[in-house]
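Novice: File start01.tsv follows (TSV, C-alpha atoms):
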```tsv
chain	number	residue	atom	x	y	z
A	1	MET	CA	-95.54	11.10	-41.49
A	2	THR	CA	-93.53	8.44	-43.34
A	3	GLY	CA	-91.27	5.87	-41.67
A	4	GLN	CA	-88.16	7.67	-42.90
A	5	GLY	CA	-89.31	10.94	-41.33
A	6	LYS	CA	-90.01	9.29	-38.00
A	7	LYS	CA	-86.58	7.65	-38.03
A	8	TRP	CA	-84.93	11.02	-38.78
A	9	LEU	CA	-86.80	12.66	-35.91
A	10	ALA	CA	-85.71	9.87	-33.57
A	11	TRP	CA	-82.05	10.30	-34.53
A	12	SER	CA	-82.30	14.06	-34.17
A	13	ALA	CA	-83.85	13.75	-30.72
A	14	ALA	CA	-81.10	11.34	-29.64
A	15	ALA	CA	-78.39	13.69	-30.94
A	16	LEU	CA	-79.95	16.64	-29.13
A	17	ALA	CA	-80.13	14.60	-25.93
A	18	VAL	CA	-76.45	13.63	-26.19
A	19	GLY	CA	-75.48	17.24	-26.96
A	20	ALA	CA	-77.51	18.51	-24.06
A	21	ALA	CA	-75.91	15.97	-21.73
A	22	ALA	CA	-72.44	16.94	-22.92
A	23	LEU	CA	-73.25	20.62	-22.54
A	24	PHE	CA	-74.59	20.02	-19.04
A	25	ALA	CA	-71.50	18.02	-18.08
A	26	TRP	CA	-69.18	20.72	-19.45
A	27	GLN	CA	-71.12	23.45	-17.68
A	28	ASP	CA	-71.05	21.45	-14.46
A	29	PHE	CA	-67.29	20.92	-14.76
A	30	ALA	CA	-66.68	24.55	-15.69
A	31	ALA	CA	-68.76	25.67	-12.73
A	32	ARG	CA	-66.87	23.33	-10.43
A	33	GLU	CA	-63.54	24.58	-11.78
A	34	LYS	CA	-64.67	28.17	-11.43
A	35	GLU	CA	-65.74	27.56	-7.88
A	36	ASN	CA	-62.32	26.23	-7.07
A	37	GLY	CA	-60.72	29.22	-8.82
A	38	VAL	CA	-58.80	26.91	-11.16
A	39	VAL	CA	-58.65	26.80	-14.96
A	40	ARG	CA	-56.94	24.22	-17.06
A	41	GLY	CA	-55.58	23.50	-20.51
A	42	ASN	CA	-54.36	20.40	-22.32
A	43	GLY	CA	-50.78	20.12	-23.49
A	44	ARG	CA	-47.68	17.98	-23.80
A	45	ILE	CA	-44.41	17.95	-21.95
A	46	GLU	CA	-41.81	19.73	-24.07
A	47	ALA	CA	-38.16	20.61	-23.68
A	48	VAL	CA	-35.62	22.81	-25.41
A	49	GLU	CA	-33.94	20.96	-28.25
A	50	ILE	CA	-30.23	21.39	-28.94
A	51	ASP	CA	-28.48	20.43	-32.16
A	52	VAL	CA	-24.92	19.18	-31.73
A	53	ALA	CA	-23.21	20.20	-34.98
A	54	ALA	CA	-19.77	20.20	-36.56
A	55	ARG	CA	-18.13	23.63	-36.64
A	56	THR	CA	-16.01	22.74	-39.66
A	57	ALA	CA	-16.61	20.36	-42.51
A	58	GLY	CA	-15.24	16.85	-42.16
A	59	ARG	CA	-15.92	13.13	-42.19
A	60	LEU	CA	-17.75	11.76	-39.17
A	61	LYS	CA	-15.42	9.26	-37.55
A	62	GLU	CA	-17.50	7.89	-34.69
A	63	VAL	CA	-20.78	8.42	-32.83
A	64	LEU	CA	-20.36	7.45	-29.19
A	65	VAL	CA	-23.99	7.57	-28.00
A	66	ARG	CA	-27.28	5.96	-28.91
A	67	GLU	CA	-30.74	7.39	-29.37
A	68	GLY	CA	-32.56	7.66	-26.06
A	69	GLU	CA	-29.33	7.67	-24.04
A	70	PHE	CA	-28.97	10.18	-21.21
A	71	VAL	CA	-25.78	12.25	-21.44
A	72	THR	CA	-24.22	14.74	-19.05
A	73	ALA	CA	-22.73	18.12	-19.94
A	74	GLY	CA	-19.22	17.76	-21.39
A	75	LYS	CA	-19.60	14.14	-22.41
A	76	VAL	CA	-18.01	13.33	-25.77
A	77	VAL	CA	-20.82	12.27	-28.11
A	78	ALA	CA	-19.10	12.12	-31.53
A	79	LEU	CA	-15.74	12.49	-33.24
A	80	ILE	CA	-14.86	14.13	-36.57
A	81	ASP	CA	-11.85	12.76	-38.46
A	82	THR	CA	-8.85	15.09	-38.03
A	83	GLU	CA	-6.23	13.48	-40.29
A	84	ALA	CA	-6.05	16.50	-42.62
A	85	LEU	CA	-6.01	18.91	-39.68
A	86	ASP	CA	-3.18	16.95	-38.03
A	87	ALA	CA	-1.13	17.31	-41.22
A	88	GLN	CA	-1.84	21.05	-41.34
A	89	ARG	CA	-0.77	21.36	-37.72
A	90	ARG	CA	2.54	19.60	-38.42
A	91	GLN	CA	3.13	21.92	-41.37
A	92	ALA	CA	2.41	24.99	-39.22
A	93	GLU	CA	4.76	23.71	-36.51
A	94	ALA	CA	7.53	23.31	-39.10
A	95	GLN	CA	6.90	26.87	-40.29
A	96	LEU	CA	7.12	28.06	-36.69
A	97	ARG	CA	10.48	26.36	-36.20
A	98	GLN	CA	11.73	27.95	-39.43
A	99	ALA	CA	10.48	31.37	-38.28
A	100	ASP	CA	12.14	30.94	-34.87
A	101	SER	CA	15.42	30.14	-36.64
A	102	ALA	CA	15.03	33.26	-38.76
A	103	VAL	CA	14.46	35.31	-35.61
A	104	ALA	CA	17.65	33.92	-34.06
A	105	THR	CA	19.63	34.65	-37.24
A	106	ALA	CA	18.28	38.19	-37.52
A	107	THR	CA	19.00	38.82	-33.84
A	108	SER	CA	22.61	37.70	-34.27
A	109	GLN	CA	22.89	40.02	-37.27
A	110	VAL	CA	21.71	42.91	-35.11
A	111	ALA	CA	24.40	42.09	-32.57
A	112	GLN	CA	27.01	41.93	-35.33
A	113	ARG	CA	25.93	45.26	-36.80
A	114	GLU	CA	26.02	46.87	-33.37
A	115	SER	CA	29.57	45.52	-32.96
A	116	ASP	CA	30.47	46.99	-36.35
A	117	LYS	CA	29.09	50.34	-35.21
A	118	ALA	CA	31.14	50.21	-32.01
A	119	ALA	CA	34.28	49.50	-34.06
A	120	ALA	CA	33.41	52.34	-36.43
A	121	LEU	CA	32.98	54.73	-33.50
A	122	ALA	CA	36.38	53.67	-32.15
A	123	THR	CA	37.89	54.32	-35.58
A	124	VAL	CA	36.26	57.75	-35.64
A	125	ALA	CA	37.79	58.56	-32.27
A	126	GLN	CA	41.19	57.36	-33.46
A	127	ARG	CA	41.00	59.39	-36.66
A	128	GLU	CA	39.94	62.50	-34.75
A	129	VAL	CA	42.99	62.13	-32.48
A	130	GLU	CA	45.20	61.80	-35.52
A	131	LEU	CA	43.52	64.87	-37.05
A	132	ARG	CA	44.16	66.94	-33.95
A	133	ALA	CA	47.80	65.82	-33.86
A	134	ALA	CA	48.23	66.73	-37.53
A	135	GLN	CA	46.67	70.14	-36.95
A	136	THR	CA	49.02	70.75	-34.00
A	137	ARG	CA	52.06	69.83	-36.09
A	138	LEU	CA	50.84	72.08	-38.89
A	139	THR	CA	50.50	75.00	-36.52
A	140	ARG	CA	53.97	74.41	-35.14
A	141	SER	CA	55.49	74.00	-38.59
A	142	THR	CA	53.86	77.16	-39.82
A	143	GLY	CA	55.46	79.12	-36.95
A	144	LEU	CA	58.88	77.61	-37.53
A	145	ALA	CA	58.65	78.29	-41.27
A	146	GLY	CA	57.86	81.94	-40.54
A	147	LYS	CA	61.13	82.19	-38.56
A	148	GLY	CA	63.02	80.40	-41.29
A	149	PHE	CA	63.81	77.29	-39.29
A	150	ILE	CA	62.11	74.86	-41.71
A	151	SER	CA	61.36	74.95	-45.40
A	152	PRO	CA	57.96	75.77	-46.90
A	153	GLN	CA	57.89	72.21	-48.27
A	154	ALA	CA	57.73	70.82	-44.75
A	155	VAL	CA	54.73	73.06	-44.04
A	156	ASP	CA	53.01	71.78	-47.18
A	157	ASP	CA	53.65	68.21	-46.09
A	158	GLU	CA	52.07	68.87	-42.68
A	159	ARG	CA	49.09	70.53	-44.35
A	160	ALA	CA	48.64	67.46	-46.55
A	161	ARG	CA	48.74	65.24	-43.47
A	162	VAL	CA	45.95	67.35	-41.90
A	163	ASP	CA	43.81	66.98	-45.01
A	164	THR	CA	44.43	63.23	-45.02
A	165	ALA	CA	43.49	62.95	-41.34
A	166	ARG	CA	40.36	65.02	-41.96
A	167	ALA	CA	39.35	62.68	-44.81
A	168	ALA	CA	40.00	59.66	-42.59
A	169	VAL	CA	37.65	61.10	-39.93
A	170	ALA	CA	34.95	61.61	-42.55
A	171	ALA	CA	35.40	58.05	-43.80
A	172	ALA	CA	35.17	56.67	-40.26
A	173	ARG	CA	32.02	58.66	-39.60
A	174	ALA	CA	30.54	57.29	-42.84
A	175	GLN	CA	31.27	53.78	-41.54
A	176	VAL	CA	29.34	54.64	-38.37
A	177	ALA	CA	26.36	55.81	-40.43
A	178	ALA	CA	26.52	52.63	-42.52
A	179	ALA	CA	26.63	50.51	-39.36
A	180	GLU	CA	23.60	52.34	-37.95
A	181	SER	CA	21.70	51.74	-41.20
A	182	ALA	CA	22.67	48.07	-41.07
A	183	ILE	CA	21.39	47.87	-37.49
A	184	VAL	CA	18.03	49.34	-38.54
A	185	SER	CA	17.81	46.84	-41.38
A	186	ALA	CA	18.74	43.93	-39.11
A	187	ARG	CA	16.16	44.99	-36.53
A	188	SER	CA	13.54	45.18	-39.28
A	189	GLN	CA	14.46	41.63	-40.24
A	190	VAL	CA	14.02	40.57	-36.62
A	191	ALA	CA	10.57	42.18	-36.53
A	192	GLY	CA	9.61	40.46	-39.80
A	193	ALA	CA	10.85	37.10	-38.55
A	194	ARG	CA	8.96	37.51	-35.28
A	195	SER	CA	5.79	38.41	-37.21
A	196	THR	CA	6.21	35.26	-39.28
A	197	ALA	CA	6.69	33.26	-36.10
A	198	ALA	CA	3.57	34.84	-34.55
A	199	ALA	CA	1.57	34.04	-37.69
A	200	ALA	CA	2.77	30.43	-37.56
A	201	GLN	CA	1.85	30.22	-33.88
A	202	ALA	CA	-1.59	31.65	-34.63
A	203	SER	CA	-2.04	29.05	-37.38
A	204	ILE	CA	-1.16	26.30	-34.93
A	205	GLU	CA	-3.66	27.62	-32.41
A	206	ARG	CA	-6.38	27.92	-35.06
A	207	ILE	CA	-5.76	24.42	-36.34
A	208	GLN	CA	-5.66	23.10	-32.78
A	209	ALA	CA	-9.00	24.81	-32.12
A	210	ASP	CA	-10.42	23.04	-35.18
A	211	ILE	CA	-9.01	19.74	-33.88
A	212	ASP	CA	-10.56	20.38	-30.46
A	213	ASP	CA	-13.88	21.25	-32.11
A	214	ALA	CA	-13.76	17.92	-33.91
A	215	VAL	CA	-14.49	16.36	-30.52
A	216	LEU	CA	-18.22	17.02	-30.20
A	217	LYS	CA	-19.44	17.31	-26.62
A	218	SER	CA	-22.84	17.62	-25.04
A	219	PRO	CA	-23.42	21.23	-23.96
A	220	ARG	CA	-26.06	20.26	-21.36
A	221	ASP	CA	-27.43	17.36	-19.41
A	222	GLY	CA	-29.98	15.82	-21.74
A	223	ARG	CA	-31.26	12.87	-23.69
A	224	VAL	CA	-30.29	11.97	-27.24
A	225	GLN	CA	-33.45	12.37	-29.28
A	226	TYR	CA	-32.17	11.27	-32.68
A	227	ILE	CA	-28.91	10.83	-34.57
A	228	VAL	CA	-28.74	12.70	-37.86
A	229	ALA	CA	-25.41	11.60	-39.35
A	230	ARG	CA	-23.67	8.23	-39.21
A	231	PRO	CA	-19.95	7.33	-39.16
A	232	GLY	CA	-18.35	7.71	-42.56
A	233	GLU	CA	-20.65	10.47	-43.73
A	234	VAL	CA	-19.21	13.87	-44.63
A	235	VAL	CA	-20.85	16.69	-42.70
A	236	ALA	CA	-20.70	20.30	-43.81
A	237	ALA	CA	-19.65	23.19	-41.59
A	238	GLY	CA	-22.52	23.65	-39.18
A	239	GLY	CA	-24.01	20.29	-40.20
A	240	ARG	CA	-26.05	18.55	-37.52
A	241	VAL	CA	-24.76	15.28	-36.10
A	242	LEU	CA	-27.34	14.60	-33.40
A	243	ASN	CA	-30.18	16.24	-31.51
A	244	LEU	CA	-30.44	16.51	-27.72
A	245	VAL	CA	-33.35	17.34	-25.47
A	246	ASP	CA	-32.24	19.69	-22.69
A	247	LEU	CA	-33.77	18.11	-19.57
A	248	SER	CA	-32.95	21.17	-17.48
A	249	ASP	CA	-35.51	23.25	-19.42
A	250	VAL	CA	-38.81	21.33	-19.46
A	251	PHE	CA	-42.27	22.86	-19.74
A	252	MET	CA	-45.84	22.33	-20.89
A	253	THR	CA	-47.50	24.62	-23.42
A	254	PHE	CA	-51.28	25.00	-23.26
A	255	PHE	CA	-53.96	27.49	-24.26
A	256	LEU	CA	-56.39	29.53	-22.18
A	257	PRO	CA	-59.23	31.86	-23.16
A	258	THR	CA	-58.98	35.62	-22.82
A	259	ALA	CA	-60.59	35.91	-19.37
A	260	SER	CA	-58.28	33.31	-17.82
A	261	ALA	CA	-55.05	34.30	-19.59
A	262	GLY	CA	-55.61	37.96	-18.75
A	263	ARG	CA	-55.39	37.23	-15.02
A	264	LEU	CA	-52.09	35.40	-15.19
A	265	ALA	CA	-48.73	36.88	-14.30
A	266	ILE	CA	-45.26	35.56	-14.95
A	267	GLY	CA	-44.21	33.45	-11.99
A	268	ASP	CA	-47.74	32.37	-10.97
A	269	GLU	CA	-47.96	28.85	-9.62
A	270	ALA	CA	-49.20	26.06	-11.86
A	271	ARG	CA	-49.80	22.33	-11.55
A	272	ILE	CA	-49.23	19.62	-14.15
A	273	VAL	CA	-50.91	16.21	-14.15
A	274	LEU	CA	-49.72	13.71	-16.76
A	275	ASP	CA	-52.02	11.17	-18.36
A	276	ALA	CA	-49.36	8.51	-17.81
A	277	ALA	CA	-49.12	9.21	-14.06
A	278	PRO	CA	-52.39	10.81	-12.87
A	279	GLN	CA	-51.57	9.99	-9.25
A	280	TYR	CA	-48.83	12.64	-9.20
A	281	VAL	CA	-49.19	16.43	-9.24
A	282	ILE	CA	-46.12	18.28	-10.53
A	283	PRO	CA	-45.49	21.88	-9.44
A	284	ALA	CA	-44.64	24.47	-12.09
A	285	ASN	CA	-44.63	28.23	-12.69
A	286	VAL	CA	-46.03	30.35	-15.47
A	287	SER	CA	-42.99	31.43	-17.50
A	288	PHE	CA	-44.69	32.80	-20.60
A	289	VAL	CA	-48.03	34.27	-21.65
A	290	ALA	CA	-48.41	35.15	-25.33
A	291	ASP	CA	-49.20	38.75	-26.17
A	292	VAL	CA	-50.88	37.69	-29.40
A	293	ALA	CA	-54.04	35.58	-29.44
A	294	GLN	CA	-54.21	32.21	-31.19
A	295	PHE	CA	-57.31	30.75	-32.87
A	296	THR	CA	-58.70	34.28	-33.16
A	297	PRO	CA	-62.02	34.50	-35.06
A	298	LYS	CA	-61.99	36.42	-38.34
A	299	THR	CA	-64.27	39.06	-36.86
A	300	VAL	CA	-63.97	40.03	-33.23
A	301	GLU	CA	-66.90	42.33	-32.62
A	302	THR	CA	-68.87	40.93	-29.70
A	303	ALA	CA	-67.97	39.87	-26.18
A	304	SER	CA	-68.87	36.27	-26.98
A	305	GLU	CA	-66.52	36.26	-29.96
A	306	ARG	CA	-63.70	37.76	-27.90
A	307	GLU	CA	-64.10	34.93	-25.39
A	308	LYS	CA	-63.12	32.51	-28.15
A	309	MET	CA	-59.66	34.07	-28.40
A	310	MET	CA	-57.05	31.72	-26.98
A	311	PHE	CA	-53.61	32.67	-25.63
A	312	ARG	CA	-50.59	30.41	-25.44
A	313	VAL	CA	-49.27	29.84	-21.92
A	314	ARG	CA	-46.16	28.01	-20.76
A	315	ALA	CA	-45.82	26.24	-17.40
A	316	GLN	CA	-42.15	25.74	-16.52
A	317	ILE	CA	-41.04	22.91	-14.22
A	318	PRO	CA	-38.45	24.14	-11.65
A	319	PRO	CA	-34.84	23.20	-12.61
A	320	GLU	CA	-34.07	21.87	-9.13
A	321	LEU	CA	-37.00	19.44	-9.40
A	322	LEU	CA	-35.82	18.35	-12.84
A	323	ARG	CA	-32.32	17.67	-11.49
A	324	LYS	CA	-33.78	15.47	-8.76
A	325	TYR	CA	-35.85	13.37	-11.16
A	326	ILE	CA	-33.74	13.90	-14.29
A	327	LEU	CA	-33.53	10.21	-15.21
A	328	GLN	CA	-37.32	9.95	-15.09
A	329	VAL	CA	-38.03	13.05	-17.18
A	330	LYS	CA	-39.60	12.25	-20.56
A	331	THR	CA	-40.87	14.64	-23.19
A	332	GLY	CA	-43.93	14.27	-25.39
A	333	LEU	CA	-46.20	12.99	-22.62
A	334	PRO	CA	-49.70	14.48	-22.76
A	335	GLY	CA	-51.39	15.92	-19.71
A	336	VAL	CA	-53.25	18.84	-18.20
A	337	ALA	CA	-51.86	22.09	-16.81
A	338	TYR	CA	-53.80	23.94	-14.10
A	339	VAL	CA	-53.50	27.57	-13.04
A	340	ARG	CA	-55.48	29.60	-10.50
A	341	SER	CA	-57.68	32.40	-11.72
A	342	ASP	CA	-57.11	33.97	-8.31
A	343	ALA	CA	-53.44	33.79	-7.33
A	344	GLY	CA	-54.34	34.15	-3.65
A	345	ALA	CA	-56.72	31.18	-3.58
A	346	ASP	CA	-55.74	27.80	-2.17
A	347	TRP	CA	-55.20	24.84	-4.43
A	348	PRO	CA	-57.92	22.17	-4.26
A	349	GLU	CA	-56.93	19.02	-2.40
A	350	ARG	CA	-56.71	17.00	-5.60
A	351	LEU	CA	-54.12	19.47	-6.97
A	352	ARG	CA	-51.81	19.46	-3.95
A	353	VAL	CA	-48.21	18.69	-4.96
A	354	LYS	CA	-47.53	14.97	-4.93
A	355	LEU	CA	-44.27	13.56	-6.29
A	356	PRO	CA	-42.71	10.09	-6.46
A	357	GLU	CA	-40.78	9.04	-3.38
```
What would you get if you wrote out this structure as structure tokens?

Specialist:
Amino acid sequence: MTGQGKKWLAWSAAALAVGAAALFAWQDFAAREKENGVVRGNGRIEAVEIDVAARTAGRLKEVLVREGEFVTAGKVVALIDTEALDAQRRQAEAQLRQADSAVATATSQVAQRESDKAAALATVAQREVELRAAQTRLTRSTGLAGKGFISPQAVDDERARVDTARAAVAAARAQVAAAESAIVSARSQVAGARSTAAAAQASIERIQADIDDAVLKSPRDGRVQYIVARPGEVVAAGGRVLNLVDLSDVFMTFFLPTASAGRLAIGDEARIVLDAAPQYVIPANVSFVADVAQFTPKTVETASEREKMMFRVRAQIPPELLRKYILQVKTGLPGVAYVRSDAGADWPERLRVKLPE
């Protein structure tokens, strides 16, 4: 055999030895993990991200926080310039005052038309009295004329007075109808003026809502991850200004094979150990197990191939624990998540919960 062949055999033997050692170590670890009823997966600490965005378009006036800063819910983080909105609000307020004046004017017109109707009704009553008096005189005159006490001309005069009184009653009643029509028209004007006033008030409220929305606040306790827009830039409606990490919703995502993931249930206990702080063991709970496999082989025909299917699992850190250590919570840290293959088994001593004092 040549020198090159011997060298190749030596390298191959060394590689096989290293592979065998690695395989033995993995099998030993897997056996030890299986004995303890614990399986594990690598992952990173993650959190829900929230974009703080402008609801309406405008120029960014000021950013009041810095990247990496912890903010509490309700804290003002940025301001959008509201100069144009302030002018619109003043215009809407002027329109409201004008509409209120129109309402007052229309209301006074209603009162005046109602007064005109009352006067017209009084005139009708007066004309009806006069008509009845004229009819009485006509009746009396007709009787006297039949006995020859008065001339027929006097009877004609009384009859003319009755006709005149009857016409006066009709005219007075027409005035009442006109007054009623005027009242309806005046009341319609009042309704229109009030509608205009309501529209102006609604415009004020809408503009005020836009002004209030120009004050961007943090919706949750969290940490500023990065700032997207800077003061002076124009942001569109819905445009992002900054990004927050919600520190009340922190978890680690990891992957487990079919046999291990199939035994998990939502709410099962989990443990997280971070590479940056291996002396601590953080309690968590399984909050999600994917129903679709990841890293699935192209052909899944044998049991060995099915074992290669991996399922995404999420271990959620309890919110009350996050609130206690909220200033120490950091995302992106790598670590290992552990779950028990048998939910009734005890945790190994090395995975007992241990937190900073």

Novice: At what distance in Å, to one decimal, does CA of Asp342 (chain A) lie from CA of Asp268 (chain A)?

Specialist: 9.9 Å

Novice: If I take CA of Ala178 (chain A) and CA of Gln126 (chain A), how far is one from the other in Å, to one decimal?

Specialist: 17.9 Å

Novice: May I have a table of the residues of region 46-100 of chain A lying at most 9 Å from region 250-266 of chain A, giving each one's closest pair of atoms and their distance in Å to one decimal, counting all atoms listed in the file, ordered by chain and ascending residue number, as a tab-separated table?

Specialist:
```
residue	atom	partner	partner_atom	distance
A:Glu46	CA	A:Phe251	CA	5.4
A:Ala47	CA	A:Val250	CA	4.3
A:Val48	CA	A:Val250	CA	6.9
```

Novice: Kindly save the residues from that selection, with C-alpha atoms included, as a tab-separated table (two decimals), keeping the file's coordinate frame.

Specialist:
```
chain	number	residue	atom	x	y	z
A	46	GLU	CA	-41.81	19.73	-24.07
A	47	ALA	CA	-38.16	20.61	-23.68
A	48	VAL	CA	-35.62	22.81	-25.41
```

Novice: Quick one: residues within 10 Å of Glu93 (chain A), all atoms listed in the file counted, chain neighbours fewer than 2 positions away excluded, as a list in words?

Specialist: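 Once the adjacent positions are removed, what remains is Ala87, Gln88, Arg89, Arg90, Gln91, Gln95, Leu96, Arg97, Gln98, Ala99, Ala197, Ala200, Gln201, Ser203 and Ile204 of chain A.
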
Novice: Quick one: distance from CA of Ser218 (chain A) to CA of Val245 (chain A) in Å, one decimal?

Specialist: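 CA of Val245 (chain A) lies at a distance of 10.5 Å from CA of Ser218 (chain A).
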